[in-house]
$ cat run_1.cif   # mmCIF, C-alpha atoms and all ligand atoms
data_input
loop_
_atom_site.label_atom_id
_atom_site.label_comp_id
_atom_site.auth_asym_id
_atom_site.auth_seq_id
_atom_site.Cartn_x
_atom_site.Cartn_y
_atom_site.Cartn_z
CA MET A 79 8.49 32.66 12.89
CA SER A 80 7.31 30.45 15.72
CA TRP A 81 9.20 27.32 16.75
CA GLU A 82 5.91 25.55 16.37
CA GLU A 83 6.09 25.76 12.58
CA ASN A 84 9.07 23.43 12.74
CA VAL A 85 7.53 20.78 14.91
CA ARG A 86 7.12 17.33 13.35
CA LYS A 87 3.38 17.16 13.76
CA VAL A 88 1.80 13.76 13.67
CA VAL A 89 -1.50 12.16 14.54
CA PRO A 90 -0.35 9.33 16.80
CA TYR A 91 -1.46 5.72 16.70
CA THR A 92 -4.05 4.94 19.36
CA PRO A 93 -3.14 1.80 21.27
CA GLY A 94 -5.93 -0.32 22.76
CA GLU A 95 -6.98 0.62 26.24
CA GLN A 96 -4.96 -0.87 29.13
CA PRO A 97 -7.41 -0.66 32.05
CA LYS A 98 -5.86 -0.12 35.50
CA ASN A 99 -8.20 -2.63 37.07
CA ARG A 100 -6.71 -6.10 36.64
CA ASN A 101 -10.00 -7.85 37.21
CA VAL A 102 -11.42 -7.05 33.81
CA ILE A 103 -11.80 -9.55 31.01
CA LYS A 104 -9.39 -8.09 28.53
CA LEU A 105 -10.16 -9.04 24.96
CA ASN A 106 -9.15 -5.77 23.32
CA THR A 107 -5.46 -5.93 22.36
CA ASN A 108 -4.89 -9.48 21.12
CA GLU A 109 -2.69 -10.46 24.02
CA CYS A 110 -2.29 -14.09 25.01
CA PRO A 111 -4.52 -15.17 27.91
CA TYR A 112 -1.89 -17.64 29.16
CA PRO A 113 1.34 -16.85 31.00
CA PRO A 114 4.76 -17.05 29.33
CA ALA A 115 6.60 -20.40 29.29
CA PRO A 116 7.57 -21.68 32.78
CA GLY A 117 11.28 -21.24 31.95
CA VAL A 118 10.68 -17.51 31.54
CA LYS A 119 9.43 -17.20 35.11
CA LYS A 120 12.36 -19.20 36.44
CA ALA A 121 14.89 -17.15 34.47
CA LEU A 122 13.37 -13.93 35.77
CA GLN A 123 13.54 -15.19 39.36
CA GLU A 124 17.18 -16.13 38.86
CA PHE A 125 18.08 -13.00 36.92
CA ASP A 126 21.28 -11.36 38.17
CA VAL A 127 20.16 -7.81 38.85
CA ASP A 128 23.77 -6.65 39.26
CA THR A 129 24.28 -7.07 35.52
CA LEU A 130 21.82 -4.24 34.92
CA ARG A 131 24.59 -1.75 35.58
CA LEU A 132 26.06 -2.80 32.22
CA TYR A 133 24.64 -2.04 28.79
CA PRO A 134 23.10 -5.01 27.03
CA ASP A 135 24.70 -6.62 23.96
CA PRO A 136 23.79 -4.17 21.16
CA SER A 137 23.67 -7.04 18.66
CA ALA A 138 21.31 -9.08 20.87
CA THR A 139 23.39 -12.10 19.89
CA VAL A 140 21.87 -14.70 22.23
CA LEU A 141 18.36 -13.97 21.06
CA VAL A 142 19.26 -13.63 17.39
CA ASP A 143 21.09 -16.98 17.57
CA ALA A 144 18.19 -18.67 19.39
CA LEU A 145 15.73 -17.46 16.75
CA ALA A 146 18.08 -18.43 13.90
CA GLU A 147 18.39 -21.94 15.29
CA TYR A 148 14.68 -22.35 15.94
CA TYR A 149 13.66 -21.12 12.49
CA ASP A 150 16.59 -22.74 10.70
CA VAL A 151 18.06 -19.60 9.14
CA LYS A 152 21.44 -17.90 9.51
CA SER A 153 21.87 -15.41 12.36
CA SER A 154 22.73 -12.83 9.70
CA GLN A 155 19.16 -13.23 8.39
CA VAL A 156 17.55 -12.19 11.69
CA PHE A 157 16.87 -8.69 13.01
CA VAL A 158 15.36 -8.05 16.47
CA GLY A 159 13.66 -5.03 18.00
CA VAL A 160 11.47 -3.74 20.80
CA GLY A 161 8.28 -5.44 19.68
CA SER A 162 7.40 -5.77 16.03
CA ASP A 163 6.27 -2.13 16.14
CA ASP A 164 9.92 -1.14 16.55
CA VAL A 165 11.01 -3.60 13.86
CA LEU A 166 8.36 -2.30 11.45
CA ALA A 167 9.24 1.34 12.17
CA MET A 168 12.90 0.55 11.38
CA ILE A 169 11.81 -1.17 8.18
CA PHE A 170 9.78 1.86 7.10
CA MET A 171 12.75 4.12 7.82
CA THR A 172 15.27 1.89 6.07
CA PHE A 173 13.49 0.70 2.96
CA PHE A 174 10.63 3.08 2.17
CA ASN A 175 12.57 6.06 0.85
CA SER A 176 11.24 6.23 -2.69
CA LYS A 177 9.22 9.12 -4.04
CA ASN A 178 6.66 6.55 -5.15
CA PRO A 179 3.89 5.71 -2.68
CA ILE A 180 4.13 2.57 -0.62
CA ILE A 181 0.94 0.54 -0.77
CA PHE A 182 -1.04 -1.36 1.84
CA PRO A 183 -4.70 -2.36 2.34
CA ASP A 184 -7.26 0.26 3.39
CA ILE A 185 -8.36 -2.00 6.22
CA THR A 186 -5.22 -3.12 8.00
CA TYR A 187 -2.95 -2.50 10.98
CA SER A 188 -3.58 1.15 11.75
CA PHE A 189 0.05 1.90 12.54
CA TYR A 190 1.18 1.72 8.88
CA ASP A 191 -0.25 5.09 7.87
CA VAL A 192 1.05 6.62 11.12
CA TRP A 193 4.65 5.55 10.37
CA ALA A 194 4.26 6.68 6.78
CA ASP A 195 3.16 10.12 7.98
CA LEU A 196 5.87 10.24 10.64
CA PHE A 197 8.63 9.44 8.15
CA ARG A 198 7.07 11.53 5.34
CA ILE A 199 6.57 8.49 3.15
CA PRO A 200 3.89 8.85 0.47
CA TYR A 201 1.37 6.01 0.63
CA ARG A 202 -1.74 4.68 -1.00
CA GLN A 203 -4.32 2.53 0.74
CA ILE A 204 -5.64 -0.19 -1.55
CA PRO A 205 -9.27 -1.14 -0.84
CA LEU A 206 -9.96 -4.70 0.20
CA ASP A 207 -12.85 -6.23 -1.74
CA GLU A 208 -16.33 -6.32 -0.19
CA ASP A 209 -15.55 -9.50 1.71
CA PHE A 210 -12.34 -8.06 3.14
CA ASN A 211 -10.06 -9.97 0.76
CA ILE A 212 -6.79 -8.49 -0.47
CA VAL A 213 -7.10 -8.30 -4.27
CA LYS A 214 -3.81 -9.74 -5.46
CA GLU A 215 -3.93 -8.16 -8.89
CA ASP A 216 -4.02 -4.68 -7.31
CA TYR A 217 -0.48 -5.29 -6.09
CA MET A 218 0.86 -6.61 -9.40
CA GLY A 219 1.58 -5.55 -12.96
CA LYS A 220 -0.72 -2.79 -14.16
CA GLY A 221 -2.66 -3.26 -10.90
CA ILE A 222 -4.36 -0.46 -9.09
CA MET A 223 -1.36 1.82 -9.66
CA GLY A 224 -1.99 1.60 -13.42
CA GLY A 225 1.49 0.18 -13.96
CA LYS A 226 3.21 3.05 -12.12
CA PRO A 227 5.84 1.78 -9.71
CA CYS A 228 5.12 1.77 -5.99
CA GLY A 229 7.68 2.48 -3.28
CA GLY A 230 7.13 -0.72 -1.32
CA ILE A 231 4.41 -3.06 -0.11
CA ILE A 232 3.30 -4.09 3.36
CA PHE A 233 0.40 -6.18 4.62
CA PRO A 234 -0.24 -8.44 7.59
CA ASN A 235 -0.95 -12.12 7.09
CA PRO A 236 -3.45 -12.95 8.50
CA ASN A 237 -4.67 -9.41 7.96
CA ALA A 238 -5.59 -7.35 11.00
CA PRO A 239 -8.22 -6.63 12.13
CA THR A 240 -10.06 -8.90 9.67
CA GLY A 241 -8.26 -12.16 10.54
CA VAL A 242 -8.33 -13.20 6.88
CA LEU A 243 -5.41 -15.40 5.84
CA ILE A 244 -3.79 -15.61 2.41
CA GLY A 245 -1.68 -18.49 1.11
CA LEU A 246 1.99 -18.70 0.24
CA ASP A 247 1.40 -18.78 -3.54
CA PHE A 248 -0.51 -15.53 -3.26
CA ILE A 249 2.37 -13.91 -1.38
CA GLU A 250 5.00 -15.32 -3.71
CA ASP A 251 3.17 -13.89 -6.73
CA ILE A 252 3.25 -10.41 -5.17
CA VAL A 253 6.91 -10.67 -4.16
CA LYS A 254 7.89 -11.98 -7.61
CA ALA A 255 5.93 -9.25 -9.40
CA ASN A 256 7.68 -6.48 -7.43
CA PRO A 257 11.41 -7.23 -7.54
CA ASP A 258 12.37 -3.54 -7.40
CA VAL A 259 10.78 -2.79 -4.03
CA ILE A 260 10.72 -4.36 -0.58
CA VAL A 261 7.67 -6.44 0.29
CA VAL A 262 6.97 -6.80 4.02
CA VAL A 263 4.72 -9.53 5.38
CA ASP A 264 3.68 -8.71 8.94
CA GLU A 265 3.08 -12.11 10.52
CA ALA A 266 2.06 -10.98 14.02
CA TYR A 267 -0.71 -13.63 14.01
CA ILE A 268 0.69 -16.32 11.69
CA ASP A 269 1.09 -18.98 14.41
CA PHE A 270 -2.66 -19.24 14.93
CA GLY A 271 -3.36 -21.02 11.66
CA GLY A 272 -1.26 -19.74 8.79
CA VAL A 273 1.82 -20.86 6.91
CA SER A 274 4.74 -18.48 7.31
CA ALA A 275 6.33 -16.88 4.27
CA LEU A 276 9.70 -17.42 5.95
CA PRO A 277 11.00 -20.02 3.42
CA LEU A 278 10.54 -17.46 0.63
CA ILE A 279 13.33 -15.26 2.04
CA GLN A 280 15.84 -17.81 0.73
CA LYS A 281 14.49 -17.27 -2.77
CA TYR A 282 13.68 -13.55 -2.88
CA ASP A 283 16.01 -10.84 -1.63
CA ASN A 284 13.22 -8.23 -1.56
CA LEU A 285 11.10 -9.96 1.11
CA LEU A 286 10.96 -9.28 4.84
CA VAL A 287 8.91 -11.44 7.21
CA VAL A 288 8.11 -9.88 10.60
CA GLN A 289 6.93 -11.73 13.72
CA THR A 290 6.45 -10.99 17.42
CA PHE A 291 6.63 -12.46 20.91
CA SER A 292 3.52 -10.49 21.88
CA LYS A 293 0.80 -12.90 20.78
CA SER A 294 1.66 -16.59 20.38
CA ARG A 295 4.60 -16.42 22.81
CA ALA A 296 2.56 -14.65 25.50
CA MET A 297 5.09 -11.88 26.09
CA ALA A 298 3.55 -8.58 24.99
CA GLY A 299 4.95 -7.00 28.15
CA ILE A 300 8.58 -7.74 27.38
CA ARG A 301 8.50 -6.14 23.89
CA ILE A 302 10.30 -8.39 21.42
CA GLY A 303 9.76 -8.50 17.68
CA TYR A 304 11.92 -9.85 14.87
CA ALA A 305 12.32 -9.90 11.13
CA PHE A 306 13.75 -12.39 8.66
CA GLY A 307 15.23 -11.42 5.32
CA SER A 308 18.24 -11.80 3.07
CA GLU A 309 21.59 -10.99 4.69
CA LYS A 310 21.74 -7.79 2.70
CA LEU A 311 18.36 -6.55 3.95
CA ILE A 312 19.23 -7.39 7.57
CA GLN A 313 22.56 -5.58 7.23
CA TYR A 314 20.80 -2.44 5.96
CA LEU A 315 18.31 -2.67 8.83
CA ASN A 316 21.09 -3.00 11.38
CA ASP A 317 22.91 0.00 9.90
CA VAL A 318 19.82 2.15 10.48
CA LYS A 319 19.19 0.66 13.92
CA PHE A 320 22.76 1.38 15.01
CA SER A 321 22.32 4.94 13.73
CA PHE A 322 19.23 5.41 15.86
CA ASN A 323 19.54 3.45 19.11
CA SER A 324 22.13 0.70 19.52
CA TYR A 325 20.75 -0.76 22.74
CA THR A 326 17.20 -1.59 21.82
CA LEU A 327 16.62 -4.86 23.68
CA ASN A 328 17.44 -4.76 27.38
CA ARG A 329 19.19 -7.50 29.33
CA THR A 330 16.01 -8.93 30.80
CA ALA A 331 14.31 -9.09 27.42
CA LEU A 332 17.29 -10.93 25.91
CA THR A 333 17.41 -13.50 28.72
CA LEU A 334 13.67 -14.10 28.85
CA GLY A 335 13.27 -14.10 25.10
CA VAL A 336 15.74 -16.96 24.75
CA GLU A 337 13.84 -18.95 27.38
CA ALA A 338 10.58 -18.48 25.50
CA VAL A 339 12.09 -19.72 22.24
CA LYS A 340 13.53 -22.81 23.96
CA ASP A 341 10.15 -24.12 25.12
CA ASP A 342 8.59 -25.25 21.87
CA ALA A 343 6.19 -27.69 23.59
CA TYR A 344 4.65 -24.94 25.71
CA PHE A 345 4.41 -22.60 22.72
CA LYS A 346 2.51 -25.26 20.75
CA GLU A 347 0.31 -26.07 23.73
CA ILE A 348 -0.93 -22.51 24.27
CA VAL A 349 -1.38 -21.83 20.56
CA GLY A 350 -3.39 -25.07 20.31
CA LYS A 351 -5.60 -24.04 23.22
CA ILE A 352 -6.29 -20.62 21.69
CA VAL A 353 -7.15 -22.18 18.33
CA ASN A 354 -9.56 -24.65 19.98
CA THR A 355 -11.24 -21.86 21.92
CA ARG A 356 -11.48 -19.74 18.78
CA GLU A 357 -13.28 -22.48 16.91
CA TRP A 358 -16.05 -22.98 19.48
CA VAL A 359 -16.41 -19.23 19.94
CA LYS A 360 -16.95 -18.94 16.18
CA ASN A 361 -19.88 -21.36 16.48
CA GLU A 362 -21.37 -19.53 19.45
CA LEU A 363 -21.12 -16.15 17.74
CA LYS A 364 -22.70 -17.59 14.59
CA GLU A 365 -25.60 -18.91 16.63
CA LEU A 366 -26.10 -15.46 18.08
CA GLY A 367 -26.39 -14.09 14.54
CA PHE A 368 -22.98 -12.48 14.25
CA THR A 369 -21.26 -12.62 10.89
CA PHE A 370 -17.51 -12.58 10.30
CA ARG A 371 -14.81 -13.80 7.95
CA ASP A 372 -13.19 -17.03 9.00
CA SER A 373 -10.37 -15.87 11.27
CA GLN A 374 -7.05 -17.69 11.41
CA SER A 375 -5.72 -15.40 14.12
CA ASN A 376 -6.28 -14.97 17.86
CA PHE A 377 -9.25 -12.66 17.34
CA ILE A 378 -12.59 -12.59 15.53
CA PHE A 379 -13.78 -9.49 13.69
CA ALA A 380 -17.55 -9.68 13.83
CA THR A 381 -20.61 -7.63 12.99
CA HIS A 382 -24.29 -8.16 13.70
CA PRO A 383 -27.06 -7.43 11.20
CA ASP A 384 -29.64 -6.55 13.88
CA TYR A 385 -27.73 -4.83 16.67
CA ASP A 386 -25.60 -1.75 17.02
CA VAL A 387 -22.16 -3.12 17.86
CA VAL A 388 -21.17 0.11 19.61
CA GLU A 389 -23.99 -0.47 22.08
CA ILE A 390 -22.78 -4.02 22.64
CA PHE A 391 -19.22 -2.68 23.04
CA GLU A 392 -20.30 -0.13 25.63
CA GLU A 393 -22.53 -2.49 27.52
CA LEU A 394 -19.74 -5.07 27.70
CA ARG A 395 -17.38 -2.38 28.96
CA LYS A 396 -19.77 -1.52 31.78
CA ARG A 397 -19.54 -5.18 32.73
CA ASP A 398 -15.72 -5.01 32.71
CA ILE A 399 -15.38 -6.92 29.46
CA TYR A 400 -13.16 -5.05 27.02
CA VAL A 401 -13.26 -5.71 23.28
CA ARG A 402 -12.06 -3.36 20.52
CA HIS A 403 -14.04 -1.09 18.24
CA PHE A 404 -12.48 0.95 15.42
CA ASN A 405 -14.10 4.01 13.93
CA GLY A 406 -13.00 3.53 10.30
CA GLU A 407 -15.75 4.04 7.75
CA ARG A 408 -15.82 0.46 6.45
CA ILE A 409 -15.35 -1.20 9.85
CA LYS A 410 -17.37 0.86 12.28
CA ASP A 411 -20.03 -1.85 12.49
CA TYR A 412 -17.51 -4.45 13.65
CA LEU A 413 -16.04 -5.54 16.96
CA ARG A 414 -12.65 -7.19 17.23
CA ILE A 415 -12.78 -9.79 19.94
CA THR A 416 -9.53 -11.31 21.16
CA ILE A 417 -9.66 -15.00 22.05
CA GLY A 418 -9.18 -15.44 25.80
CA THR A 419 -9.39 -18.54 27.95
CA ASP A 420 -12.44 -20.82 27.71
CA ASP A 421 -13.75 -19.33 30.96
CA GLU A 422 -13.36 -15.76 29.72
CA MET A 423 -15.07 -16.58 26.44
CA ASN A 424 -17.94 -18.31 28.22
CA ILE A 425 -18.48 -15.17 30.29
CA LEU A 426 -18.29 -13.04 27.14
CA ILE A 427 -20.90 -15.15 25.34
CA LYS A 428 -23.17 -15.20 28.39
CA ASN A 429 -23.02 -11.41 28.62
CA ILE A 430 -23.58 -10.88 24.89
CA LYS A 431 -26.65 -13.13 25.19
CA GLU A 432 -27.97 -10.96 28.00
CA ILE A 433 -27.26 -7.76 26.10
CA ILE A 434 -28.95 -8.82 22.88
CA LYS A 435 -31.59 -10.76 24.86
CA CYS A 436 -31.09 -14.05 23.07
N1 LIG B 1 1.45 -5.99 13.54
C1 LIG B 1 0.14 -6.20 13.73
C2 LIG B 1 -0.69 -6.59 12.58
C3 LIG B 1 -0.41 -6.04 15.02
O1 LIG B 1 -1.72 -6.22 15.22
C4 LIG B 1 0.43 -5.70 16.09
C5 LIG B 1 -0.14 -5.57 17.49
N2 LIG B 1 -0.68 -4.35 17.81
C6 LIG B 1 1.78 -5.46 15.83
C7 LIG B 1 2.26 -5.64 14.54
C8 LIG B 1 2.72 -4.99 16.89
O2 LIG B 1 2.89 -5.88 17.91
P1 LIG B 1 4.14 -5.82 18.87
O3 LIG B 1 4.79 -4.47 18.74
O4 LIG B 1 3.58 -6.05 20.22
O5 LIG B 1 5.06 -6.91 18.41
#
$ encode --input "run_1.cif" --output "structure tokens"
Amino acid sequence: MSWEENVRKVVPYTPGEQPKNRNVIKLNTNECPYPPAPGVKKALQEFDVDTLRLYPDPSATVLVDALAEYYDVKSSQVFVGVGSDDVLAMIFMTFFNSKNPIIFPDITYSFYDVWADLFRIPYRQIPLDEDFNIVKEDYMGKGIMGGKPCGGIIFPNPNAPTGVLIGLDFIEDIVKANPDVIVVVDEAYIDFGGVSALPLIQKYDNLLVVQTFSKSRAMAGIRIGYAFGSEKLIQYLNDVKFSFNSYTLNRTALTLGVEAVKDDAYFKEIVGKIVNTREWVKNELKELGFTFRDSQSNFIFATHPDYDVVEIFEELRKRDIYVRHFNGERIKDYLRITIGTDDEMNILIKNIKEIIKC
């Protein structure tokens, strides 16, 4: 027998390209085009490097407390991790242990099926309707599972990469209809136009709401994500985390994360700017003949009836403008364009015009 038979073989998630050249216009991984809050820079400059000889606080208390205060929940209702990817992976490991398949949309964050495969979790991908809407009834009652129980539910809101937002009533109906499994709402993009499901955690002990510092708080490079849930859910998550890696968030991340949470005015300012830019970019893209669902996130997922989007993608890349293209069957004719600064988006539009000769 070869050792290779016993390898945990997985097909890894493919992260968006991170070009070495810093002079590109980078609209391919939904990062924030603005720098982190000024207090973050100051705290980094004043950071006491000598403290790095010591392990960080394994409970990440300062950050957990800052988030609890900001979002008006108890610290025991907050879990933090190394980006929401880490938080989501812990959630999969902790709560998705049923023999029944977990369910999530067919067009969604492409890490969900990777974690499911990694952790040997059965799953079923539920098709969005033709307009990329989540069909609520599929996740309830007799639903698409024909009344058979599922092992858990996860979806982003707004969904990624479609940008389509659903309302709180919609989410509450799904959470209420599935009291025997954990429902996870991945709110990576909620700050760009949605209403968070956070208040529902006080009412339902089977709901987890996950957010990140990577988008609206402009700190993808520091890797901080967090989840809110009932005290019981957070306790279970921490038990698994402490059985896997106690020191997830490093000292710098804890210090800088707290600074980012403190500056609410800056947070609102940059989110507001991105939303404004998004709205005029929507108009420009429409004028160029692109079609897309109305995005409430920091990206637009667009197709064009007359042009091959892969050609546009490649031509933009030659001009050092990076957007994202996914190969999935239902989405291969779409480009996901992250909202950058006004200047970046003007350059993007100008170049698209040249490429499609408008
Ligand atoms: N969820 C969704 C829907 C995302 O698009 C992303 C970003 N790739 C993440 C979670 C993970 O983000 P991060 O680990 O940077 O918090």
$ atom_distance --input "run_1.cif" --atom1 "atom CA of Arg402 of chain A" --atom2 "atom CA of Phe345 of chain A"
25.4 Å
$ closest_residue --input "run_1.cif" --among "A:Arg198, A:Arg295, A:Lys98, A:Lys87" --to "Val336 of chain A" --atoms "all atoms listed in the file"
A:Arg295
$ closest_residue --input "run_1.cif" --among "A:Ile390, A:Ile430, A:Leu166, A:Leu311" --to "ligand LIG 1 (chain B)" --atoms "all atoms listed in the file"
A:Leu166
$ residues_near_ligand --input "run_1.cif" --ligand "ligand LIG 1 (chain B)" --cutoff "6 Å" --atoms "only C-alpha atoms and all ligand atoms" --output "ChimeraX atom specification"
/A:161-163,187,234,238,264,266,290,292,298,303
$ closest_residue --input "run_1.cif" --among "A:Lys226, A:Lys152, A:Lys220, A:Lys396" --to "Val102 of chain A" --atoms "only C-alpha atoms"
A:Lys396
$ atom_distance --input "run_1.cif" --atom1 "atom CA of Phe182 of chain A" --atom2 "atom CA of Gly94 of chain A"
21.5 Å
$ closest_residue --input "run_1.cif" --among "A:Lys293, A:Arg356, A:Lys435, A:Arg301" --to "Pro113 of chain A" --atoms "all atoms listed in the file"
A:Lys293
$ closest_residue --input "run_1.cif" --among "A:Leu363, A:Ile212, A:Ile409, A:Val127" --to "Ile434 of chain A" --atoms "only C-alpha atoms"
A:Leu363
$ closest_residue --input "run_1.cif" --among "A:Ile199, A:Val165, A:Val339, A:Leu327" --to "Lys177 of chain A" --atoms "only C-alpha atoms"
A:Ile199
$ atom_distance --input "run_1.cif" --atom1 "atom CA of Glu265 of chain A" --atom2 "atom CA of Val387 of chain A"
27.8 Å
$ residues_around --input "run_1.cif" --residues "Asp341 of chain A" --least-positions-apart "2" --cutoff "10 Å" --atoms "only C-alpha atoms" --output "ChimeraX atom specification"
/A:114-118,295,336-339,343-346
$ residues_around --input "run_1.cif" --residues "Leu132 of chain A" --least-positions-apart "3" --cutoff "9 Å" --atoms "only C-alpha atoms" --output "list in words"
Asp128, Thr129 and Arg329 of chain A
$ residues_near_point --input "run_1.cif" --point "(-1.0, -21.6, 27.2)" --cutoff "6 Å" --atoms "all atoms listed in the file" --output "list of chain:residue names"
A:Tyr112, A:Glu347, A:Ile348
$ residues_around --input "run_1.cif" --residues "Ile252 of chain A" --least-positions-apart "5" --cutoff "10 Å" --atoms "only C-alpha atoms" --output "PDB file with C-alpha atoms, in the coordinates of the input"
ATOM      1  CA  LYS A 214      -3.810  -9.740  -5.460  1.00  0.00           C
ATOM      2  CA  GLU A 215      -3.930  -8.160  -8.890  1.00  0.00           C
ATOM      3  CA  ASP A 216      -4.020  -4.680  -7.310  1.00  0.00           C
ATOM      4  CA  TYR A 217      -0.480  -5.290  -6.090  1.00  0.00           C
ATOM      5  CA  MET A 218       0.860  -6.610  -9.400  1.00  0.00           C
ATOM      6  CA  GLY A 219       1.580  -5.550 -12.960  1.00  0.00           C
ATOM      7  CA  ILE A 231       4.410  -3.060  -0.110  1.00  0.00           C
ATOM      8  CA  LEU A 246       1.990 -18.700   0.240  1.00  0.00           C
ATOM      9  CA  ASP A 247       1.400 -18.780  -3.540  1.00  0.00           C
ATOM     10  CA  PRO A 257      11.410  -7.230  -7.540  1.00  0.00           C
ATOM     11  CA  VAL A 261       7.670  -6.440   0.290  1.00  0.00           C
TER      12      VAL A 261
END
$ residues_around --input "run_1.cif" --residues "Ala331 of chain A" --least-positions-apart "3" --cutoff "10 Å" --atoms "all atoms listed in the file" --output "ChimeraX atom specification"
/A:122,134,138,141,160,297,299-302,326-328,334-337
$ residues_around --input "run_1.cif" --residues "Ile415 of chain A" --least-positions-apart "2" --cutoff "6 Å" --atoms "all atoms listed in the file" --output "PDB file with C-alpha atoms, in the frame of the given file"
ATOM      1  CA  LEU A 105     -10.160  -9.040  24.960  1.00  0.00           C
ATOM      2  CA  PHE A 377      -9.250 -12.660  17.340  1.00  0.00           C
ATOM      3  CA  ILE A 378     -12.590 -12.590  15.530  1.00  0.00           C
ATOM      4  CA  VAL A 401     -13.260  -5.710  23.280  1.00  0.00           C
TER       5      VAL A 401
END
$ axis_aligned_box --input "run_1.cif" --around "segment 383-397 of chain A" --padding-each-side "8 Å" --output "lines of an AutoDock Vina configuration file"
center_x = -23.5
center_y = -3.7
center_z = 22.0
size_x = 28.3
size_y = 23.5
size_z = 37.5
$ residues_near_point --input "run_1.cif" --point "(-7.3, -12.0, 25.9)" --cutoff "6 Å" --atoms "all atoms listed in the file" --output "count of residues only"
9
$ build_atoms --input "run_1.cif" --residues "segment 291-302 of chain A" --atoms "N, CA and C atoms" --output "short mmCIF file (atom, residue, chain, number, x, y, z; two decimals), keeping the file's coordinate frame"
data_model
loop_
_atom_site.label_atom_id
_atom_site.label_comp_id
_atom_site.auth_asym_id
_atom_site.auth_seq_id
_atom_site.Cartn_x
_atom_site.Cartn_y
_atom_site.Cartn_z
N PHE A 291 6.82 -11.65 19.71
CA PHE A 291 6.63 -12.46 20.91
C PHE A 291 5.34 -12.07 21.64
N SER A 292 4.63 -11.08 21.11
CA SER A 292 3.52 -10.49 21.88
C SER A 292 2.25 -11.31 21.88
N LYS A 293 2.08 -12.18 20.90
CA LYS A 293 0.80 -12.90 20.78
C LYS A 293 1.01 -14.38 21.12
N SER A 294 1.57 -15.15 20.18
CA SER A 294 1.66 -16.59 20.38
C SER A 294 2.71 -16.98 21.43
N ARG A 295 3.61 -16.09 21.76
CA ARG A 295 4.60 -16.42 22.81
C ARG A 295 4.29 -15.74 24.15
N ALA A 296 3.11 -15.14 24.21
CA ALA A 296 2.56 -14.65 25.50
C ALA A 296 3.45 -13.64 26.20
N MET A 297 4.16 -12.80 25.44
CA MET A 297 5.09 -11.88 26.09
C MET A 297 4.97 -10.44 25.59
N ALA A 298 3.73 -9.96 25.47
CA ALA A 298 3.55 -8.58 24.99
C ALA A 298 4.26 -7.58 25.89
N GLY A 299 4.36 -7.92 27.19
CA GLY A 299 4.95 -7.00 28.15
C GLY A 299 6.46 -6.87 28.07
N ILE A 300 7.11 -7.81 27.40
CA ILE A 300 8.58 -7.74 27.38
C ILE A 300 9.08 -7.00 26.14
N ARG A 301 8.22 -6.88 25.13
CA ARG A 301 8.50 -6.14 23.89
C ARG A 301 9.64 -6.77 23.08
N ILE A 302 9.33 -7.83 22.36
CA ILE A 302 10.30 -8.39 21.42
C ILE A 302 9.61 -8.67 20.09
#
